[in-house]
>>> print(open('data30.cif').read())   # mmCIF, C-alpha atoms and all ligand atoms
data_input
#
loop_
_atom_site.label_atom_id
_atom_site.label_comp_id
_atom_site.auth_asym_id
_atom_site.auth_seq_id
_atom_site.Cartn_x
_atom_site.Cartn_y
_atom_site.Cartn_z
CA MET A 8 82.34 -122.36 176.87
CA ALA A 9 82.77 -119.67 174.21
CA ARG A 10 80.21 -116.89 174.10
CA ARG A 11 77.34 -117.74 171.76
CA SER A 12 75.47 -115.51 169.28
CA LEU A 13 71.71 -116.03 169.28
CA LEU A 14 69.46 -114.97 166.40
CA VAL A 15 66.76 -113.14 168.37
CA GLY A 16 65.10 -110.73 165.93
CA PHE A 17 64.01 -110.81 162.29
CA GLY A 18 62.64 -108.09 160.04
CA GLY A 19 62.10 -107.40 156.38
CA PHE A 20 60.98 -104.60 154.11
CA LEU A 21 59.89 -104.73 150.46
CA PRO A 22 58.95 -101.67 148.42
CA ASP A 23 55.25 -101.44 147.49
CA ARG A 24 55.68 -101.51 143.74
CA VAL A 25 55.52 -105.01 142.25
CA VAL A 26 56.76 -105.50 138.69
CA THR A 27 55.64 -108.71 136.98
CA ASN A 28 57.47 -110.55 134.23
CA ASP A 29 54.68 -109.57 131.84
CA GLU A 30 55.30 -105.91 132.60
CA LEU A 31 58.97 -106.38 131.68
CA ALA A 32 58.01 -108.34 128.57
CA ALA A 33 55.97 -105.35 127.42
CA ARG A 34 59.15 -103.26 127.11
CA LEU A 35 61.95 -105.82 126.58
CA GLU A 36 62.47 -108.77 124.27
CA THR A 37 61.70 -111.35 126.95
CA SER A 38 58.76 -113.40 128.20
CA ASP A 39 57.21 -114.56 131.44
CA GLU A 40 57.86 -118.11 130.27
CA TRP A 41 61.62 -117.55 129.70
CA ILE A 42 62.10 -115.81 133.04
CA ARG A 43 60.12 -118.38 135.02
CA THR A 44 61.66 -121.48 133.48
CA ARG A 45 65.28 -120.20 133.57
CA THR A 46 65.17 -118.52 137.00
CA GLY A 47 61.95 -119.30 138.92
CA ILE A 48 61.18 -115.57 139.14
CA SER A 49 57.57 -114.36 138.62
CA GLN A 50 57.83 -110.83 139.98
CA ARG A 51 60.07 -108.43 141.89
CA HIS A 52 59.57 -105.39 144.16
CA ILE A 53 61.08 -102.17 142.84
CA ALA A 54 62.04 -99.17 144.98
CA GLY A 55 59.97 -96.01 144.73
CA PRO A 56 61.67 -92.61 144.54
CA ASN A 57 61.89 -92.35 148.35
CA ASP A 58 63.10 -95.92 149.01
CA THR A 59 66.85 -96.16 149.59
CA ALA A 60 69.24 -98.66 151.17
CA THR A 61 69.04 -96.50 154.31
CA SER A 62 65.24 -96.14 154.49
CA MET A 63 64.55 -99.79 153.71
CA GLY A 64 67.32 -101.05 156.00
CA ALA A 65 66.05 -98.86 158.86
CA GLU A 66 62.51 -100.22 158.46
CA ALA A 67 63.73 -103.83 158.41
CA ALA A 68 65.83 -103.04 161.50
CA ARG A 69 62.84 -101.55 163.37
CA ARG A 70 60.85 -104.71 162.68
CA ALA A 71 63.73 -106.95 163.81
CA LEU A 72 64.13 -104.93 167.03
CA GLU A 73 60.41 -105.20 167.72
CA TYR A 74 60.54 -108.97 167.17
CA ALA A 75 63.49 -109.22 169.58
CA GLY A 76 61.76 -107.07 172.20
CA LEU A 77 64.73 -104.71 172.14
CA THR A 78 65.09 -101.01 171.39
CA ALA A 79 67.76 -99.14 169.46
CA ASP A 80 69.33 -98.23 172.83
CA ASP A 81 70.23 -101.90 173.32
CA ILE A 82 72.28 -102.12 170.11
CA ASP A 83 76.08 -101.88 170.15
CA ALA A 84 76.80 -102.22 166.43
CA VAL A 85 75.08 -101.99 163.05
CA ILE A 86 76.64 -103.86 160.14
CA VAL A 87 75.11 -103.44 156.70
CA GLY A 88 75.85 -105.61 153.69
CA THR A 89 75.12 -103.46 150.64
CA SER A 90 76.46 -102.74 147.16
CA THR A 91 73.98 -99.92 146.62
CA PRO A 92 74.55 -97.37 149.42
CA ASP A 93 72.85 -93.95 149.17
CA GLN A 94 76.22 -92.21 149.38
CA ALA A 95 79.91 -93.15 149.27
CA PHE A 96 79.92 -92.02 152.91
CA PRO A 97 78.61 -91.79 155.57
CA ALA A 98 78.04 -95.52 155.53
CA THR A 99 74.46 -96.77 155.20
CA ALA A 100 74.88 -98.33 158.66
CA VAL A 101 75.63 -94.94 160.19
CA ARG A 102 72.65 -93.34 158.42
CA ILE A 103 70.50 -96.19 159.79
CA GLN A 104 71.91 -95.56 163.28
CA ALA A 105 70.67 -91.96 162.97
CA GLU A 106 67.25 -93.08 161.65
CA LEU A 107 66.89 -95.36 164.65
CA GLY A 108 67.94 -92.58 167.03
CA MET A 109 71.05 -94.44 168.19
CA LYS A 110 73.76 -92.30 169.77
CA GLN A 111 75.84 -95.20 171.11
CA GLY A 112 77.75 -97.95 169.38
CA PHE A 113 79.23 -98.01 165.90
CA GLY A 114 78.21 -98.91 162.36
CA PHE A 115 79.82 -99.66 159.03
CA ASP A 116 79.01 -101.13 155.63
CA LEU A 117 80.53 -104.20 154.15
CA ALA A 118 80.82 -104.87 150.42
CA ALA A 119 80.57 -108.55 149.52
CA ALA A 120 77.78 -108.27 146.91
CA CYS A 121 75.22 -111.10 147.18
CA SER A 122 77.25 -112.76 149.96
CA GLY A 123 77.02 -109.55 152.03
CA PHE A 124 74.63 -110.93 154.65
CA ILE A 125 76.77 -114.03 155.35
CA PHE A 126 79.88 -111.83 155.62
CA ALA A 127 78.06 -109.37 157.91
CA LEU A 128 76.70 -112.19 160.09
CA SER A 129 80.19 -113.64 160.42
CA THR A 130 81.65 -110.23 161.34
CA ALA A 131 78.93 -109.61 163.93
CA HIS A 132 79.59 -113.06 165.44
CA ALA A 133 83.29 -112.21 165.76
CA PHE A 134 82.51 -108.91 167.54
CA ILE A 135 80.20 -110.73 169.95
CA ARG A 136 82.73 -113.49 170.65
CA SER A 137 85.51 -110.98 171.27
CA GLY A 138 83.33 -109.06 173.73
CA GLN A 139 83.32 -105.87 171.61
CA ALA A 140 79.55 -105.97 171.16
CA ARG A 141 76.61 -107.71 172.82
CA ASN A 142 73.67 -106.92 170.50
CA VAL A 143 74.34 -106.39 166.79
CA LEU A 144 71.95 -105.41 164.00
CA VAL A 145 72.96 -107.33 160.87
CA ILE A 146 71.28 -105.88 157.79
CA GLY A 147 71.25 -106.52 154.04
CA SER A 148 69.71 -103.66 152.05
CA GLU A 149 69.84 -103.26 148.28
CA VAL A 150 68.41 -101.21 145.42
CA TYR A 151 69.75 -103.07 142.40
CA SER A 152 67.04 -101.43 140.29
CA ARG A 153 69.38 -98.40 140.32
CA ILE A 154 72.45 -100.30 139.03
CA VAL A 155 71.00 -102.72 136.50
CA ASP A 156 70.97 -101.75 132.83
CA TRP A 157 67.25 -101.75 132.08
CA SER A 158 67.95 -102.39 128.42
CA ASP A 159 69.95 -105.61 129.14
CA ARG A 160 67.42 -108.44 129.29
CA GLY A 161 70.15 -110.86 130.42
CA THR A 162 70.48 -109.13 133.81
CA CYS A 163 67.67 -106.65 134.54
CA VAL A 164 64.96 -109.32 134.83
CA LEU A 165 66.89 -111.09 137.59
CA PHE A 166 66.97 -108.51 140.37
CA GLY A 167 64.65 -106.84 142.87
CA ASP A 168 64.92 -104.39 145.78
CA GLY A 169 64.43 -104.88 149.51
CA ALA A 170 66.02 -105.15 152.94
CA GLY A 171 66.25 -107.74 155.68
CA ALA A 172 67.62 -107.58 159.21
CA VAL A 173 68.57 -109.90 162.04
CA VAL A 174 69.42 -109.06 165.64
CA LEU A 175 72.33 -111.14 166.86
CA SER A 176 72.68 -111.25 170.62
CA GLY A 177 75.55 -112.58 172.73
CA THR A 178 75.07 -114.86 175.71
CA ASP A 179 77.39 -116.64 178.13
CA GLU A 180 74.65 -119.01 179.33
CA PRO A 181 75.29 -122.65 178.45
CA GLY A 182 73.12 -123.96 175.61
CA THR A 183 73.17 -125.35 172.08
CA GLU A 184 71.28 -122.73 170.08
CA GLY A 185 72.86 -119.87 168.15
CA LEU A 186 75.24 -119.37 165.26
CA LEU A 187 77.45 -122.47 165.13
CA SER A 188 79.95 -121.43 162.49
CA THR A 189 80.45 -119.31 159.40
CA HIS A 190 82.74 -119.95 156.43
CA LEU A 191 83.83 -117.15 154.09
CA HIS A 192 85.67 -117.20 150.76
CA SER A 193 86.59 -114.85 147.96
CA ASP A 194 88.51 -115.18 144.71
CA GLY A 195 89.29 -111.91 142.97
CA SER A 196 90.63 -113.66 139.89
CA ALA A 197 86.97 -114.30 138.94
CA GLY A 198 86.03 -110.64 139.58
CA ASP A 199 85.12 -109.94 135.96
CA LEU A 200 82.36 -112.54 135.86
CA LEU A 201 79.98 -110.34 137.88
CA TYR A 202 80.73 -106.71 138.61
CA VAL A 203 79.47 -103.14 138.50
CA ASP A 204 81.21 -101.07 135.88
CA GLY A 205 81.96 -97.93 137.93
CA ALA A 206 81.33 -96.21 141.27
CA VAL A 207 82.03 -92.82 142.80
CA GLY A 208 85.76 -93.51 142.38
CA ARG A 209 85.24 -94.18 138.65
CA ARG A 210 82.64 -91.79 137.32
CA ASP A 211 84.02 -92.34 133.83
CA MET A 212 82.34 -95.76 133.77
CA SER A 213 78.65 -96.54 133.38
CA GLY A 214 77.88 -97.89 136.86
CA HIS A 215 75.86 -100.83 135.52
CA LEU A 216 75.85 -104.44 136.62
CA LYS A 217 77.52 -106.85 134.17
CA MET A 218 77.36 -110.62 134.44
CA SER A 219 78.56 -113.68 132.55
CA GLY A 220 75.51 -115.60 133.74
CA ARG A 221 76.50 -119.06 132.57
CA ASP A 222 79.96 -118.86 134.19
CA VAL A 223 78.55 -117.52 137.45
CA PHE A 224 75.99 -120.32 137.41
CA ARG A 225 78.75 -122.94 137.10
CA HIS A 226 80.75 -121.39 139.94
CA ALA A 227 77.62 -121.13 142.10
CA VAL A 228 76.74 -124.81 141.84
CA ALA A 229 80.31 -125.99 142.59
CA LYS A 230 81.22 -123.46 145.28
CA LEU A 231 77.92 -123.58 147.15
CA SER A 232 78.10 -127.38 147.20
CA SER A 233 81.57 -127.33 148.74
CA SER A 234 80.53 -124.54 151.09
CA VAL A 235 77.65 -126.52 152.59
CA ASP A 236 79.94 -129.53 153.03
CA GLU A 237 82.51 -127.34 154.75
CA ALA A 238 79.91 -125.97 157.20
CA LEU A 239 78.56 -129.40 158.13
CA GLN A 240 82.00 -131.01 158.42
CA ALA A 241 83.17 -128.21 160.72
CA GLU A 242 80.38 -129.06 163.15
CA GLY A 243 80.53 -132.83 162.72
CA LEU A 244 77.03 -132.80 161.21
CA GLU A 245 75.50 -134.61 158.25
CA TYR A 246 73.05 -133.71 155.48
CA LYS A 247 70.25 -135.46 157.36
CA ASP A 248 70.73 -133.11 160.34
CA VAL A 249 69.73 -130.01 158.34
CA SER A 250 66.16 -128.88 159.06
CA TRP A 251 66.08 -125.93 156.65
CA LEU A 252 68.14 -124.58 153.80
CA VAL A 253 67.87 -120.78 153.60
CA PRO A 254 69.89 -119.98 150.49
CA HIS A 255 70.70 -116.76 148.69
CA GLN A 256 67.90 -116.35 146.16
CA ALA A 257 69.51 -115.94 142.73
CA ASN A 258 67.99 -118.72 140.66
CA ILE A 259 65.63 -121.58 141.57
CA ARG A 260 67.79 -124.00 139.57
CA ILE A 261 70.83 -123.24 141.77
CA ILE A 262 68.70 -123.43 144.93
CA GLU A 263 67.19 -126.79 143.93
CA GLY A 264 70.65 -128.11 143.02
CA VAL A 265 71.96 -127.48 146.54
CA GLY A 266 68.73 -128.78 148.11
CA LYS A 267 69.07 -132.01 146.13
CA LYS A 268 72.69 -132.40 147.18
CA LEU A 269 71.58 -132.18 150.81
CA ASN A 270 68.81 -134.65 150.05
CA LEU A 271 66.32 -132.15 151.45
CA PRO A 272 62.69 -132.31 150.24
CA ALA A 273 61.67 -129.11 148.44
CA GLU A 274 59.40 -128.10 151.32
CA ARG A 275 62.47 -127.82 153.61
CA VAL A 276 64.06 -125.21 151.35
CA VAL A 277 62.96 -121.61 151.94
CA VAL A 278 62.25 -120.01 148.56
CA THR A 279 61.41 -116.36 147.93
CA VAL A 280 63.05 -115.91 144.53
CA ASP A 281 59.66 -116.39 142.82
CA ARG A 282 58.26 -113.23 144.45
CA HIS A 283 61.36 -111.18 145.38
CA ALA A 284 63.81 -112.10 142.55
CA ASN A 285 67.46 -111.61 143.53
CA THR A 286 67.73 -108.94 146.25
CA SER A 287 71.46 -109.59 146.73
CA ALA A 288 72.55 -109.12 150.38
CA ALA A 289 68.91 -108.75 151.46
CA SER A 290 67.73 -112.12 150.18
CA ILE A 291 68.74 -114.39 153.08
CA PRO A 292 67.48 -112.14 155.92
CA LEU A 293 64.22 -111.58 153.98
CA ALA A 294 63.80 -115.35 153.61
CA LEU A 295 64.65 -115.95 157.28
CA ASP A 296 62.13 -113.32 158.35
CA GLU A 297 59.40 -114.96 156.30
CA ALA A 298 60.11 -118.52 157.48
CA VAL A 299 60.45 -117.59 161.16
CA ARG A 300 57.30 -115.46 161.20
CA ASP A 301 55.11 -118.02 159.40
CA GLY A 302 56.25 -120.72 161.83
CA ARG A 303 58.20 -122.91 159.41
CA ILE A 304 61.50 -122.49 161.29
CA GLN A 305 60.99 -123.71 164.84
CA LYS A 306 63.10 -123.73 167.98
CA GLY A 307 65.73 -126.45 167.79
CA ASP A 308 65.89 -126.46 163.98
CA LEU A 309 69.28 -126.54 162.26
CA VAL A 310 69.36 -123.87 159.55
CA LEU A 311 71.97 -123.78 156.80
CA MET A 312 72.48 -120.50 154.92
CA GLU A 313 74.67 -120.08 151.84
CA ALA A 314 75.41 -117.41 149.23
CA LEU A 315 77.62 -116.57 146.27
CA GLY A 316 78.06 -113.20 144.64
CA GLY A 317 80.28 -110.79 142.75
CA GLY A 318 83.91 -110.90 143.76
CA LEU A 319 83.55 -113.76 143.57
CA THR A 320 82.56 -114.03 147.21
CA TRP A 321 80.82 -117.02 148.75
CA GLY A 322 80.18 -118.61 152.09
CA SER A 323 77.88 -120.40 154.47
CA ALA A 324 76.53 -120.12 157.99
CA LEU A 325 75.03 -122.77 160.20
CA ALA A 326 72.70 -121.89 163.06
CA ARG A 327 70.67 -123.77 165.64
CA PHE A 328 67.41 -121.90 166.32
O1 LIG A 401 73.39 -113.42 142.88
C1 LIG A 401 74.63 -113.46 142.27
C2 LIG A 401 74.83 -114.71 141.60
N1 LIG A 401 74.16 -114.73 140.33
C3 LIG A 401 73.74 -115.89 139.88
O2 LIG A 401 73.84 -116.88 140.55
C4 LIG A 401 73.19 -115.95 138.48
C5 LIG A 401 73.73 -117.18 137.79
N2 LIG A 401 73.27 -117.33 136.44
C6 LIG A 401 72.01 -117.62 136.11
O3 LIG A 401 71.15 -117.70 136.96
C7 LIG A 401 71.70 -117.94 134.68
O4 LIG A 401 72.91 -118.09 133.96
C8 LIG A 401 70.84 -116.87 133.97
C9 LIG A 401 69.41 -116.90 134.53
C10 LIG A 401 71.43 -115.49 134.16
C11 LIG A 401 70.74 -117.15 132.48
O5 LIG A 401 70.25 -118.46 132.24
P1 LIG A 401 70.98 -119.42 131.20
O6 LIG A 401 70.18 -120.65 131.14
O7 LIG A 401 72.41 -119.53 131.65
O8 LIG A 401 70.82 -118.62 129.86
P2 LIG A 401 71.95 -118.01 128.93
O9 LIG A 401 72.58 -116.82 129.54
O10 LIG A 401 72.83 -119.13 128.47
O11 LIG A 401 71.07 -117.52 127.71
C12 LIG A 401 70.33 -118.44 126.90
C13 LIG A 401 69.60 -117.67 125.83
C14 LIG A 401 70.49 -116.71 125.06
O12 LIG A 401 70.11 -116.73 123.72
P3 LIG A 401 70.95 -117.54 122.62
O13 LIG A 401 72.34 -116.96 122.68
O14 LIG A 401 70.89 -118.98 123.09
O15 LIG A 401 70.21 -117.27 121.37
C15 LIG A 401 70.16 -115.37 125.65
O16 LIG A 401 70.38 -114.30 124.75
O17 LIG A 401 68.56 -116.86 126.40
C16 LIG A 401 68.69 -115.52 125.97
N3 LIG A 401 68.23 -114.63 127.00
C17 LIG A 401 66.94 -114.28 127.15
N4 LIG A 401 65.84 -114.57 126.45
C18 LIG A 401 64.67 -114.06 126.88
C19 LIG A 401 68.96 -114.07 128.01
N5 LIG A 401 68.15 -113.34 128.81
C20 LIG A 401 66.90 -113.46 128.30
C21 LIG A 401 65.65 -112.96 128.68
N6 LIG A 401 64.57 -113.27 127.95
N7 LIG A 401 65.49 -112.15 129.77
#
>>> encode(input="data30.cif", output="structure tokens", more="lines below")
Ligand code: UT7
Amino acid sequence: MARRSLLVGFGGFLPDRVVTNDELAARLETSDEWIRTRTGISQRHIAGPNDTATSMGAEAARRALEYAGLTADDIDAVIVGTSTPDQAFPATAVRIQAELGMKQGFGFDLAAACSGFIFALSTAHAFIRSGQARNVLVIGSEVYSRIVDWSDRGTCVLFGDGAGAVVLSGTDEPGTEGLLSTHLHSDGSAGDLLYVDGAVGRRDMSGHLKMSGRDVFRHAVAKLSSSVDEALQAEGLEYKDVSWLVPHQANIRIIEGVGKKLNLPAERVVVTVDRHANTSAASIPLALDEAVRDGRIQKGDLVLMEALGGGLTWGSALARF
């Protein structure tokens, strides 16, 4: 039997400062009503001056390690999905290694925008299966408040900051729980639908997030639908087998669309977009952390995760808890 990857630790971190829709409406031509009805978002957490992808990711990682009953000395690899690193290099993952006091193992960042956590989870699973790592910290950490254009009401109201982490742990013991499969996709020909105009390699550009919201919405509904089908078909499972949908949290209308397709009642879909807004690569591990800690996700449950983001990148992961 192939080595399995168990999800053994969960942690999240949200900055203290909460910004409501009304607060945004006081300085932008928008309204709480527009934001809530079009997106499901009521508020978002926004990083303070000392919150960075590294500091937030490290805190989420500490909480995930504590949940797992492991210490940083037990970790072989740190993989961080982020589009908002503190520096071009060292990687956020390596900075987090240092924050955790890790001298062993390796770390690197992975850029897949809002799909970053699914891509990082898949990469960690491959390291575990190949025997290159036993315990891996998989982190999504983002400060989109530093890349959105705060004068563009079409994008700035959609995002929030935060970090989430999962400890993935390899085992050779027979059993059915763990990550069953992951499915990754990207299509660069749609890269201009959602992108950041600039980075350290292009300082001549503004460095702001740009999005053709309606087009991304259309892609999200179609691609996430086919992605959940792909995950279930790969494991010979059906919609009725899914206990929980833990989707990337971009827009409640997209989330509900996928939930409906699966024929899942709303209370079986983990939703945080109302309080967190879109935290990109952090949104799925933050949602997992919440639903595991409050007892919604139980041992034996089949959990389906899916995400789509700039790239376009998209994918899904299926796990038995
Ligand atoms: O995580 C990565 C993946 N990202 C996504 O999945 C996001 C996908 N897209 C979406 O969620 C939606 O397209 C949005 C929430 C971004 C926009 O919703 P929409 O229903 O597609 O609205 P729209 O862009 O078609 O805009 C409708 C109207 C426009 O006005 P006109 O042209 O009809 O007069 C916009 O100018 O709403 C206007 N508008 C706003 N009005 C008030 C756009 N943003 C705002 C705003 N407040 N914040």
>>> residues_around(input="data30.cif", residues="Thr99 in chain A", least_positions_apart="6", cutoff="12 Å", atoms="all atoms listed in the file", output="short mmCIF file (atom, residue, chain, number, x, y, z; two decimals) with C-alpha atoms, in the frame of the given file")
data_model
loop_
_atom_site.label_atom_id
_atom_site.label_comp_id
_atom_site.auth_asym_id
_atom_site.auth_seq_id
_atom_site.Cartn_x
_atom_site.Cartn_y
_atom_site.Cartn_z
CA THR A 59 66.85 -96.16 149.59
CA ALA A 60 69.24 -98.66 151.17
CA THR A 61 69.04 -96.50 154.31
CA SER A 62 65.24 -96.14 154.49
CA MET A 63 64.55 -99.79 153.71
CA GLY A 64 67.32 -101.05 156.00
CA ALA A 65 66.05 -98.86 158.86
CA VAL A 85 75.08 -101.99 163.05
CA ILE A 86 76.64 -103.86 160.14
CA VAL A 87 75.11 -103.44 156.70
CA GLY A 88 75.85 -105.61 153.69
CA THR A 89 75.12 -103.46 150.64
CA SER A 90 76.46 -102.74 147.16
CA THR A 91 73.98 -99.92 146.62
CA PRO A 92 74.55 -97.37 149.42
CA ASP A 93 72.85 -93.95 149.17
CA ALA A 105 70.67 -91.96 162.97
CA GLU A 106 67.25 -93.08 161.65
CA PHE A 113 79.23 -98.01 165.90
CA GLY A 114 78.21 -98.91 162.36
CA PHE A 115 79.82 -99.66 159.03
CA ASP A 116 79.01 -101.13 155.63
CA LEU A 117 80.53 -104.20 154.15
CA ALA A 118 80.82 -104.87 150.42
CA ILE A 146 71.28 -105.88 157.79
CA GLY A 147 71.25 -106.52 154.04
CA SER A 148 69.71 -103.66 152.05
CA GLU A 149 69.84 -103.26 148.28
#
>>> residues_near_ligand(input="data30.cif", ligand="ligand LIG 401 (chain A)", cutoff="6 Å", atoms="only C-alpha atoms and all ligand atoms", output="list in words")
Thr37, Ser38, Trp41, Ile42, Arg45, Thr46, Cys121, Arg160, Gly161, Val164, Gly220, Arg221, Val223, Phe224, Ala227, Ala257, Asn258, Ser287, Leu315 and Gly316 of chain A
>>> closest_residue(input="data30.cif", among="A:Leu252, A:Val174, A:Met109, A:Leu201", to="Leu77 in chain A", atoms="only C-alpha atoms")
A:Val174
>>> residues_around(input="data30.cif", residues="Gly264 in chain A", least_positions_apart="4", cutoff="12 Å", atoms="only C-alpha atoms", output="number ranges by chain")
A: 224-225, 227-232, 235, 252, 254, 258-260, 268-273, 276
>>> closest_residue(input="data30.cif", among="A:Ser188, A:Gln305, A:Ser290, A:Ser219", to="Glu242 in chain A", atoms="only C-alpha atoms")
A:Ser188
>>> closest_residue(input="data30.cif", among="A:Thr78, A:Ala119, A:Phe20, A:Leu325", to="Asp194 in chain A", atoms="all atoms listed in the file")
A:Ala119
>>> decode(input="data30.cif", residues="range 158-171 of chain A", atoms="N, CA and C atoms", output="tab-separated table (two decimals), in the first residue's frame")
chain	number	residue	atom	x	y	z
A	158	SER	N	-8.29	52.39	-4.39
A	158	SER	CA	-9.25	53.31	-5.02
A	158	SER	C	-10.13	52.56	-6.04
A	159	ASP	N	-9.88	51.25	-6.24
A	159	ASP	CA	-10.66	50.46	-7.21
A	159	ASP	C	-11.72	49.64	-6.46
A	160	ARG	N	-12.95	50.16	-6.46
A	160	ARG	CA	-14.02	49.50	-5.69
A	160	ARG	C	-14.34	48.11	-6.23
A	161	GLY	N	-14.00	47.85	-7.50
A	161	GLY	CA	-14.30	46.56	-8.11
A	161	GLY	C	-13.42	45.43	-7.57
A	162	THR	N	-12.32	45.76	-6.92
A	162	THR	CA	-11.44	44.70	-6.39
A	162	THR	C	-11.15	44.84	-4.89
A	163	CYS	N	-10.95	46.08	-4.41
A	163	CYS	CA	-10.42	46.21	-3.04
A	163	CYS	C	-11.40	45.70	-1.98
A	164	VAL	N	-12.69	45.72	-2.27
A	164	VAL	CA	-13.68	45.28	-1.27
A	164	VAL	C	-13.68	43.75	-1.11
A	165	LEU	N	-13.02	43.06	-2.04
A	165	LEU	CA	-13.16	41.60	-2.09
A	165	LEU	C	-12.17	40.84	-1.21
A	166	PHE	N	-11.08	41.50	-0.83
A	166	PHE	CA	-9.97	40.75	-0.23
A	166	PHE	C	-9.73	41.07	1.25
A	167	GLY	N	-9.08	40.11	1.93
A	167	GLY	CA	-8.69	40.28	3.32
A	167	GLY	C	-7.35	39.60	3.54
A	168	ASP	N	-6.78	39.77	4.73
A	168	ASP	CA	-5.47	39.21	5.04
A	168	ASP	C	-5.60	38.07	6.06
A	169	GLY	N	-4.63	37.18	6.07
A	169	GLY	CA	-4.63	36.10	7.06
A	169	GLY	C	-3.72	34.96	6.64
A	170	ALA	N	-3.64	33.96	7.50
A	170	ALA	CA	-2.80	32.79	7.22
A	170	ALA	C	-3.45	31.54	7.79
A	171	GLY	N	-3.24	30.42	7.13
A	171	GLY	CA	-3.72	29.14	7.63
A	171	GLY	C	-2.64	28.09	7.40
